Structures are given as C-alpha cells and as structure tokens.
Amino acid sequence: MAKVVSFSNQKGGVGKTTSCVNISAQIANKGKKVLMIDMDPQGNATSGLGLQKSKIKNTTYDVIIGRCDISEAIIKTRFKNLSVVPANIELAGAEIELQELDENLNFTKIALDSIKDDYDY
C-alpha cells in the first residue's frame with residue numbers, strides 16, 4: 001500500500017508546489033513508484049513536470065466530478081517512476097459542484113483506494 005504525503009497550507013508562496021515536485025522527483029529517482037496528484041487549479045505542479053495543461057484530456061477535476069476513473073487521468077511523466085494526475089483551471093469550479101454531490105466529498109480516499117497498490121508514494 002502506498003504512503004500518502006500531503007503538501008498543504010492556506011498561504012500562497014510558501015513552497016508547496018516546489019517542494020512537492022522536487023520531493024516527488026527525488027523519491028522516484030530512488031526507484032520508488034510515485035503518483036503526484038495536482039489539486040491546485042493553477043496546475044503549476046502539472047506544468048512543472050513538463051506537461052502542457054491545454055493538451056490534457058482528464059484531470060483531477062474529472063475524477064472529482066465522476067467524469068472519469070482516476071486510472072484514466074494518470075499520466076506518466078518523462079521522469080522514470082513518476083506519474084501525475086494533472087490539474088487545470090477547471091478545478092476551481094469543483095467546490096461549487098461538490099456541494100451538490102455529497103457522495104464525492106471523500107473522493108480522494110475512494111479514488112486512491114483503487115490504485116494504492118500500484119505506487120509506493
């Protein structure tokens with residue numbers, strides 16, 4: 001089962017994204033399978049891994065609203081052992097939609113349960 005690490009803070013500019021991308025890359029570099037889930041509508045972690053947000057089909061938003069399974073949103077990056085569930089500006093609308101979808105309030109646990117054995121982190 002994968003270990004889950006979360007980078008969160010309400011204040012912007014404290015290094016959450018930078019830390020997450022760099023620590024994820026380093027853990028992957030050590031041979032561990034890492035899945036980074038970008039939960040920021042700005043999608044800076046996604047673009048920080050070299051992905052073009054405009055060309056991505058499925059994102060964290062699509063997983064949250066049930067448009068796709070998390071496995072359909074995972075993208076392997078150019079870095080060995082490092083994959084990402086990308087984010088883009090659509091994620092900003094998820095909070096409003098989640099108010100209407102009570103069963104998705106615990107979507108991260110539900111989504112991660114289906115893939116937790118595929119990754120180390």
# chains A, B, ... in the order shown; residues from 1 in each chain; ligands from 1
$ residues_around --residues "region 81-98 of chain A" --least-positions-apart "5" --cutoff "7 Å" --atoms "only C-alpha atoms" --output "PyMOL selection string"
chain A and resi 25+28+31-43+46+53+59-61+73-76+104-105
$ closest_atom_pairs --of "region 10-96 of chain A" --to "region 108-118 of chain A" --cutoff "9 Å" --atoms "only C-alpha atoms" --output "Markdown table"
| residue | atom | partner | partner_atom | distance |
| --- | --- | --- | --- | --- |
| A:Lys33 | CA | A:Asp118 | CA | 7.8 |
| A:Val63 | CA | A:Ala111 | CA | 7.7 |
| A:Ile64 | CA | A:Thr108 | CA | 7.9 |
| A:Asp69 | CA | A:Ala111 | CA | 7.4 |
| A:Ile70 | CA | A:Ala111 | CA | 5.9 |
| A:Ser71 | CA | A:Ile115 | CA | 7.3 |
$ write_last_selection --atoms "all heavy atoms" --output "PDB file, in the first residue's frame"
ATOM      1  N   LYS A  33       7.934   4.038  -6.998  1.00  0.00           N
ATOM      2  CA  LYS A  33       6.869   4.489  -7.894  1.00  0.00           C
ATOM      3  C   LYS A  33       6.053   5.569  -7.190  1.00  0.00           C
ATOM      4  O   LYS A  33       5.501   5.326  -6.122  1.00  0.00           O
ATOM      5  CB  LYS A  33       5.983   3.321  -8.307  1.00  0.00           C
ATOM      6  CG  LYS A  33       6.687   2.359  -9.251  1.00  0.00           C
ATOM      7  CD  LYS A  33       5.740   1.315  -9.774  1.00  0.00           C
ATOM      8  CE  LYS A  33       4.782   2.002 -10.714  1.00  0.00           C
ATOM      9  NZ  LYS A  33       3.856   1.093 -11.370  1.00  0.00           N
ATOM     10  N   VAL A  63     -11.908  13.534 -12.215  1.00  0.00           N
ATOM     11  CA  VAL A  63     -12.013  12.469 -11.212  1.00  0.00           C
ATOM     12  C   VAL A  63     -12.999  12.879 -10.123  1.00  0.00           C
ATOM     13  O   VAL A  63     -13.866  12.101  -9.723  1.00  0.00           O
ATOM     14  CB  VAL A  63     -10.632  12.127 -10.611  1.00  0.00           C
ATOM     15  CG1 VAL A  63     -10.772  11.084  -9.510  1.00  0.00           C
ATOM     16  CG2 VAL A  63      -9.672  11.642 -11.695  1.00  0.00           C
ATOM     17  N   ILE A  64     -12.892  14.116  -9.653  1.00  0.00           N
ATOM     18  CA  ILE A  64     -13.748  14.598  -8.571  1.00  0.00           C
ATOM     19  C   ILE A  64     -15.229  14.538  -8.949  1.00  0.00           C
ATOM     20  O   ILE A  64     -16.057  14.092  -8.159  1.00  0.00           O
ATOM     21  CB  ILE A  64     -13.382  16.051  -8.182  1.00  0.00           C
ATOM     22  CG1 ILE A  64     -12.030  16.077  -7.474  1.00  0.00           C
ATOM     23  CG2 ILE A  64     -14.448  16.669  -7.280  1.00  0.00           C
ATOM     24  CD1 ILE A  64     -11.503  17.472  -7.229  1.00  0.00           C
ATOM     25  N   ASP A  69     -12.480   7.702 -14.182  1.00  0.00           N
ATOM     26  CA  ASP A  69     -11.811   6.999 -13.088  1.00  0.00           C
ATOM     27  C   ASP A  69     -10.407   7.580 -12.951  1.00  0.00           C
ATOM     28  O   ASP A  69      -9.821   8.049 -13.933  1.00  0.00           O
ATOM     29  CB  ASP A  69     -11.745   5.506 -13.412  1.00  0.00           C
ATOM     30  CG  ASP A  69     -11.211   4.702 -12.258  1.00  0.00           C
ATOM     31  OD1 ASP A  69     -11.959   4.518 -11.280  1.00  0.00           O
ATOM     32  OD2 ASP A  69     -10.041   4.277 -12.328  1.00  0.00           O
ATOM     33  N   ILE A  70      -9.861   7.530 -11.747  1.00  0.00           N
ATOM     34  CA  ILE A  70      -8.517   8.084 -11.539  1.00  0.00           C
ATOM     35  C   ILE A  70      -7.482   7.435 -12.460  1.00  0.00           C
ATOM     36  O   ILE A  70      -6.575   8.102 -12.937  1.00  0.00           O
ATOM     37  CB  ILE A  70      -8.082   8.013 -10.057  1.00  0.00           C
ATOM     38  CG1 ILE A  70      -6.831   8.884  -9.826  1.00  0.00           C
ATOM     39  CG2 ILE A  70      -7.889   6.574  -9.607  1.00  0.00           C
ATOM     40  CD1 ILE A  70      -6.495   9.120  -8.376  1.00  0.00           C
ATOM     41  N   SER A  71      -7.652   6.167 -12.748  1.00  0.00           N
ATOM     42  CA  SER A  71      -6.682   5.486 -13.617  1.00  0.00           C
ATOM     43  C   SER A  71      -6.672   6.084 -15.027  1.00  0.00           C
ATOM     44  O   SER A  71      -5.659   6.028 -15.719  1.00  0.00           O
ATOM     45  CB  SER A  71      -6.981   3.991 -13.674  1.00  0.00           C
ATOM     46  OG  SER A  71      -8.255   3.765 -14.238  1.00  0.00           O
TER      47      SER A  71
END
$ select_by_dssp --residues "chain A" --states "helix (DSSP H, G or I)" --output "ChimeraX atom specification"
/A:16-29,44-48,53-55,60-64,70-73,89-98,102-104,107-113,116-118
$ write_last_selection --atoms "C-alpha atoms" --output "PDB file, in the first residue's frame"
ATOM      1  CA  LYS A  16       4.155  23.774  -1.508  1.00  0.00           C
ATOM      2  CA  THR A  17       4.331  23.122  -5.230  1.00  0.00           C
ATOM      3  CA  THR A  18       8.102  23.397  -5.461  1.00  0.00           C
ATOM      4  CA  SER A  19       8.554  21.039  -2.521  1.00  0.00           C
ATOM      5  CA  CYS A  20       6.036  18.543  -3.856  1.00  0.00           C
ATOM      6  CA  VAL A  21       7.539  18.406  -7.354  1.00  0.00           C
ATOM      7  CA  ASN A  22      11.127  18.166  -6.138  1.00  0.00           C
ATOM      8  CA  ILE A  23      10.493  15.624  -3.374  1.00  0.00           C
ATOM      9  CA  SER A  24       8.343  13.506  -5.711  1.00  0.00           C
ATOM     10  CA  ALA A  25      11.076  13.550  -8.349  1.00  0.00           C
ATOM     11  CA  GLN A  26      13.749  12.623  -5.830  1.00  0.00           C
ATOM     12  CA  ILE A  27      11.737   9.718  -4.404  1.00  0.00           C
ATOM     13  CA  ALA A  28      11.078   8.484  -7.957  1.00  0.00           C
ATOM     14  CA  ASN A  29      14.778   8.856  -8.724  1.00  0.00           C
ATOM     15  CA  ASN A  44       1.739  24.607 -11.573  1.00  0.00           C
ATOM     16  CA  ALA A  45       2.831  21.151 -10.416  1.00  0.00           C
ATOM     17  CA  THR A  46       1.460  19.762 -13.674  1.00  0.00           C
ATOM     18  CA  SER A  47       3.355  22.249 -15.816  1.00  0.00           C
ATOM     19  CA  GLY A  48       6.377  21.912 -13.527  1.00  0.00           C
ATOM     20  CA  LYS A  53      -2.172  21.763 -19.446  1.00  0.00           C
ATOM     21  CA  SER A  54      -4.059  22.677 -22.625  1.00  0.00           C
ATOM     22  CA  LYS A  55      -3.370  19.244 -24.137  1.00  0.00           C
ATOM     23  CA  THR A  60      -8.214  15.898 -11.044  1.00  0.00           C
ATOM     24  CA  TYR A  61     -11.441  17.790 -11.734  1.00  0.00           C
ATOM     25  CA  ASP A  62     -12.729  14.994 -13.974  1.00  0.00           C
ATOM     26  CA  VAL A  63     -12.013  12.469 -11.212  1.00  0.00           C
ATOM     27  CA  ILE A  64     -13.748  14.598  -8.571  1.00  0.00           C
ATOM     28  CA  ILE A  70      -8.517   8.084 -11.539  1.00  0.00           C
ATOM     29  CA  SER A  71      -6.682   5.486 -13.617  1.00  0.00           C
ATOM     30  CA  GLU A  72      -7.865   7.321 -16.762  1.00  0.00           C
ATOM     31  CA  ALA A  73      -6.373  10.607 -15.518  1.00  0.00           C
ATOM     32  CA  ILE A  89      -8.335  25.850 -14.136  1.00  0.00           C
ATOM     33  CA  GLU A  90     -11.469  23.657 -14.320  1.00  0.00           C
ATOM     34  CA  LEU A  91     -10.649  22.513 -10.795  1.00  0.00           C
ATOM     35  CA  ALA A  92     -11.698  25.946  -9.495  1.00  0.00           C
ATOM     36  CA  GLY A  93     -15.334  25.005 -10.171  1.00  0.00           C
ATOM     37  CA  ALA A  94     -15.187  21.749  -8.238  1.00  0.00           C
ATOM     38  CA  GLU A  95     -16.050  23.300  -4.869  1.00  0.00           C
ATOM     39  CA  ILE A  96     -19.409  24.530  -6.132  1.00  0.00           C
ATOM     40  CA  GLU A  97     -20.217  21.235  -7.846  1.00  0.00           C
ATOM     41  CA  LEU A  98     -19.198  19.191  -4.803  1.00  0.00           C
ATOM     42  CA  ASP A 102     -22.387  14.588  -1.239  1.00  0.00           C
ATOM     43  CA  GLU A 103     -21.061  11.145  -2.160  1.00  0.00           C
ATOM     44  CA  ASN A 104     -17.941  12.690  -3.690  1.00  0.00           C
ATOM     45  CA  PHE A 107     -13.422  11.331  -3.397  1.00  0.00           C
ATOM     46  CA  THR A 108      -9.697  11.238  -2.679  1.00  0.00           C
ATOM     47  CA  LYS A 109      -9.997   8.171  -0.463  1.00  0.00           C
ATOM     48  CA  ILE A 110     -12.357   6.457  -2.895  1.00  0.00           C
ATOM     49  CA  ALA A 111     -10.164   7.273  -5.897  1.00  0.00           C
ATOM     50  CA  LEU A 112      -6.909   6.342  -4.179  1.00  0.00           C
ATOM     51  CA  ASP A 113      -8.254   3.025  -2.881  1.00  0.00           C
ATOM     52  CA  LYS A 116      -2.972   2.458  -3.876  1.00  0.00           C
ATOM     53  CA  ASP A 117      -1.246  -0.845  -4.569  1.00  0.00           C
ATOM     54  CA  ASP A 118       0.246   0.454  -7.833  1.00  0.00           C
TER      55      ASP A 118
END
$ select_by_dssp --residues "region 14-106 of chain A" --states "strand (DSSP E)" --output "MDAnalysis selection string"
chainID A and resid 34:37 75:76 82:85
$ write_last_selection --atoms "C-alpha atoms" --output "PDB file, in the first residue's frame"
ATOM      1  CA  VAL A  34       5.341   7.907  -7.215  1.00  0.00           C
ATOM      2  CA  LEU A  35       1.953   9.336  -8.138  1.00  0.00           C
ATOM      3  CA  MET A  36       1.662  13.080  -7.666  1.00  0.00           C
ATOM      4  CA  ILE A  37      -1.890  14.426  -7.587  1.00  0.00           C
ATOM      5  CA  ILE A  75      -0.138  10.479 -16.970  1.00  0.00           C
ATOM      6  CA  LYS A  76       3.367   9.051 -16.932  1.00  0.00           C
ATOM      7  CA  LEU A  82       6.889   9.461 -11.636  1.00  0.00           C
ATOM      8  CA  SER A  83       3.279   9.838 -12.749  1.00  0.00           C
ATOM      9  CA  VAL A  84       0.788  12.636 -12.176  1.00  0.00           C
ATOM     10  CA  VAL A  85      -2.920  13.259 -12.044  1.00  0.00           C
TER      11      VAL A  85
END
$ closest_residue --among "A:Arg67, A:Lys3, A:Lys80, A:Lys11" --to "Leu49 (chain A)" --atoms "only C-alpha atoms"
A:Lys80
$ atom_distance --atom1 "CA of Tyr121 (chain A)" --atom2 "CA of Asn9 (chain A)"
20.1 Å
$ atom_distance --atom1 "CA of Val14 (chain A)" --atom2 "CA of Gly50 (chain A)"
21.5 Å
